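Colleague: Just one file: my_file-v4.cif, with mmCIF, C-alpha atoms and all ligand atoms.
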```
data_target
#
loop_
_atom_site.label_atom_id
_atom_site.label_comp_id
_atom_site.auth_asym_id
_atom_site.auth_seq_id
_atom_site.Cartn_x
_atom_site.Cartn_y
_atom_site.Cartn_z
CA MET A 152 -18.74 -22.83 -3.84
CA GLY A 153 -16.29 -19.91 -3.69
CA PRO A 154 -16.47 -16.96 -1.33
CA TYR A 155 -17.82 -14.66 -4.04
CA GLN A 156 -20.62 -17.07 -4.93
CA ARG A 157 -21.63 -17.36 -1.26
CA ARG A 158 -21.85 -13.56 -0.99
CA ARG A 159 -23.63 -13.16 -4.31
CA PRO A 160 -27.24 -13.28 -2.97
CA PHE A 161 -26.32 -10.72 -0.32
CA LEU A 162 -24.64 -8.45 -2.89
CA LEU A 163 -27.63 -8.71 -5.23
CA ALA A 164 -30.07 -7.91 -2.40
CA PHE A 165 -27.88 -5.02 -1.23
CA THR A 166 -27.62 -3.59 -4.75
CA ALA A 167 -31.36 -4.00 -5.32
CA SER A 168 -32.15 -2.24 -2.03
CA LEU A 169 -29.84 0.65 -2.94
CA ALA A 170 -31.49 0.98 -6.35
CA LEU A 171 -34.98 0.76 -4.84
CA THR A 172 -34.09 3.42 -2.28
CA ALA A 173 -32.73 5.75 -4.95
CA VAL A 174 -35.73 5.29 -7.25
CA SER A 175 -38.32 5.70 -4.51
CA THR A 176 -36.56 8.76 -3.10
CA GLU A 177 -36.44 10.36 -6.51
CA ALA A 178 -40.13 9.51 -7.02
CA PHE A 179 -40.96 11.15 -3.68
CA ILE A 180 -39.09 14.31 -4.63
CA THR A 181 -40.76 14.43 -8.05
CA ALA A 182 -44.24 13.80 -6.62
CA HIS A 183 -43.98 16.53 -3.98
CA GLN A 184 -41.97 19.08 -5.93
CA HIS A 185 -45.01 21.31 -6.64
CA HIS A 186 -46.84 21.00 -3.33
CA ASP A 187 -48.90 23.60 -1.50
CA CYS A 188 -46.00 25.12 0.37
CA SER A 189 -46.89 26.55 3.75
CA GLY A 190 -43.81 28.70 3.94
CA GLU A 191 -40.58 28.72 5.84
CA ASP A 192 -41.33 25.80 8.21
CA CYS A 193 -42.92 23.55 5.58
CA LEU A 194 -42.55 19.90 6.59
CA ILE A 195 -42.76 18.69 2.98
CA CYS A 196 -39.88 20.99 1.97
CA LEU A 197 -37.93 19.60 4.93
CA GLN A 198 -38.63 16.02 3.78
CA ILE A 199 -37.59 16.87 0.22
CA GLU A 200 -34.34 18.35 1.52
CA THR A 201 -33.74 15.23 3.62
CA ALA A 202 -34.41 13.03 0.58
CA ARG A 203 -31.92 15.06 -1.48
CA HIS A 204 -29.29 14.57 1.22
CA LEU A 205 -30.02 10.84 1.19
CA LEU A 206 -29.57 10.70 -2.58
CA ASP A 207 -26.32 12.66 -2.36
CA GLY A 208 -25.07 10.24 0.28
CA LEU A 209 -26.03 7.25 -1.87
CA VAL A 210 -24.22 8.66 -4.89
CA ARG A 211 -21.09 9.34 -2.81
CA ALA A 212 -21.22 5.88 -1.22
CA VAL A 213 -21.57 4.13 -4.58
CA ALA A 214 -18.74 6.26 -6.04
CA ALA A 215 -16.52 5.43 -3.05
CA LEU A 216 -17.31 1.70 -3.38
CA MET A 217 -16.53 1.79 -7.11
CA GLY A 218 -13.25 3.60 -6.42
CA PHE A 219 -12.36 1.11 -3.68
CA TYR A 220 -13.15 -1.76 -6.03
CA ALA A 221 -11.09 -0.22 -8.82
CA LEU A 222 -8.11 0.35 -6.54
CA THR A 223 -8.13 -2.97 -4.73
CA VAL A 224 -9.67 -5.74 -6.78
CA ARG A 225 -8.72 -4.54 -10.24
CA VAL A 226 -5.19 -3.37 -9.44
CA ILE A 227 -4.00 -5.69 -6.68
CA VAL A 228 -5.62 -8.95 -7.76
CA LYS A 229 -5.06 -8.51 -11.48
CA ALA A 230 -1.68 -6.74 -11.20
CA PRO A 231 0.32 -9.81 -12.28
CA VAL A 232 -1.57 -9.69 -15.59
CA PHE A 233 -0.24 -6.19 -16.23
CA LEU A 234 3.28 -6.94 -15.12
CA GLY A 235 3.88 -9.26 -18.06
CA PRO A 236 4.48 -12.98 -18.28
CA ALA A 237 5.37 -15.01 -15.22
CA PRO A 238 9.10 -15.63 -14.63
CA PRO A 239 10.37 -18.97 -15.87
CA THR A 240 10.32 -21.88 -13.46
CA PRO A 241 11.99 -25.31 -13.68
CA VAL A 242 8.61 -26.72 -14.68
CA SER A 243 8.03 -24.17 -17.45
CA LEU A 244 11.60 -24.72 -18.69
CA LYS A 245 11.06 -28.54 -18.56
CA VAL A 246 14.24 -29.07 -16.55
CA LYS A 247 14.92 -32.72 -15.74
CA PHE A 248 16.49 -33.21 -12.31
CA ASN A 249 16.83 -37.00 -12.34
CA THR A 250 18.87 -37.84 -15.43
ZN ZN B 301 -42.97 23.46 1.13
#
```
Output the file's structure as structure tokens, nothing else.
Modeller:
Amino acid sequence: MGPYQRRRPFLLAFTASLALTAVSTEAFITAHQHHDCSGEDCLICLQIETARHLLDGLVRAVAALMGFYALTVRVIVKAPVFLGPAPPTPVSLKVKFNT
């Protein structure tokens, strides 16, 4: 079992929790959007604002993770693929050393 496969359940649970958080936060905002507002110190408006900040943070975190993934995994690990074929080796050239 490789390191990615060992982390896979954790990554799936982490992704599912992020998605659940985003969906439930958006549902909260939608449900309370047209509430009976008590004015300037309305606690529901304060909660909606907090939820919007949470969603903004989630979007920025996911964008940063995607950018980090694109820069590290895709470029560094797969860079030899983009650099062309591997240089020839004695094995690839079928050189015989013991003639
Ligand atoms: Zn309000």
Colleague: Can you check which parts of chain A lie within 12 Å of ligand ZN 301 (chain B)? Per residue, the shortest pair of atoms and distance in Å to one decimal, counting all atoms listed in the file, sorted by chain and number, as JSON lines.
Modeller:
```
{"residue": "A:Ile180", "atom": "CA", "partner": "B:ZN301", "partner_atom": "ZN", "distance": 11.5}
{"residue": "A:His183", "atom": "CA", "partner": "B:ZN301", "partner_atom": "ZN", "distance": 8.7}
{"residue": "A:Gln184", "atom": "CA", "partner": "B:ZN301", "partner_atom": "ZN", "distance": 8.4}
{"residue": "A:His185", "atom": "CA", "partner": "B:ZN301", "partner_atom": "ZN", "distance": 8.3}
{"residue": "A:His186", "atom": "CA", "partner": "B:ZN301", "partner_atom": "ZN", "distance": 6.4}
{"residue": "A:Asp187", "atom": "CA", "partner": "B:ZN301", "partner_atom": "ZN", "distance": 6.5}
{"residue": "A:Cys188", "atom": "CA", "partner": "B:ZN301", "partner_atom": "ZN", "distance": 3.5}
{"residue": "A:Ser189", "atom": "CA", "partner": "B:ZN301", "partner_atom": "ZN", "distance": 5.6}
{"residue": "A:Gly190", "atom": "CA", "partner": "B:ZN301", "partner_atom": "ZN", "distance": 6.0}
{"residue": "A:Glu191", "atom": "CA", "partner": "B:ZN301", "partner_atom": "ZN", "distance": 7.5}
{"residue": "A:Asp192", "atom": "CA", "partner": "B:ZN301", "partner_atom": "ZN", "distance": 7.6}
{"residue": "A:Cys193", "atom": "CA", "partner": "B:ZN301", "partner_atom": "ZN", "distance": 4.5}
{"residue": "A:Leu194", "atom": "CA", "partner": "B:ZN301", "partner_atom": "ZN", "distance": 6.5}
{"residue": "A:Ile195", "atom": "CA", "partner": "B:ZN301", "partner_atom": "ZN", "distance": 5.1}
{"residue": "A:Cys196", "atom": "CA", "partner": "B:ZN301", "partner_atom": "ZN", "distance": 4.0}
{"residue": "A:Leu197", "atom": "CA", "partner": "B:ZN301", "partner_atom": "ZN", "distance": 7.4}
{"residue": "A:Gln198", "atom": "CA", "partner": "B:ZN301", "partner_atom": "ZN", "distance": 9.0}
{"residue": "A:Ile199", "atom": "CA", "partner": "B:ZN301", "partner_atom": "ZN", "distance": 8.6}
{"residue": "A:Glu200", "atom": "CA", "partner": "B:ZN301", "partner_atom": "ZN", "distance": 10.0}
```
Colleague: One decimal, Å: what's the distance from CA of Ala173 (chain A) over to CA of Val213 (chain A), could you say?
Modeller: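 Going from CA of Ala173 (chain A) over to CA of Val213 (chain A), I get 11.3 Å.
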Colleague: Neighbours of Leu206 (chain A) within 9 Å (all atoms listed in the file; same-chain residues fewer than 6 positions away dropped), as a list in words?
Modeller: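 After dropping sequence-adjacent residues, the list is Thr172, Ala173, Thr176 and Glu177 of chain A.
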Colleague: Report, in Å to a single decimal, how far apart CA of Ala237 (chain A) and CA of Asn249 (chain A) are.
Modeller: 25.0 Å
Colleague: Calculate how many Å separate CA of Ala167 (chain A) from CA of Val224 (chain A), rounding to one decimal.
Modeller: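 It comes out at 21.8 Å.
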Colleague: Edge lengths and centre in Å to one decimal, as lines of an AutoDock Vina configuration file, is what I'm after for the box along x, y and z that holds all listed atoms of region 162-178 of chain A once 4 Å is added on each side.
Modeller:
```
center_x = -32.4
center_y = 0.8
center_z = -4.2
size_x = 23.5
size_y = 27.1
size_z = 14.0
```
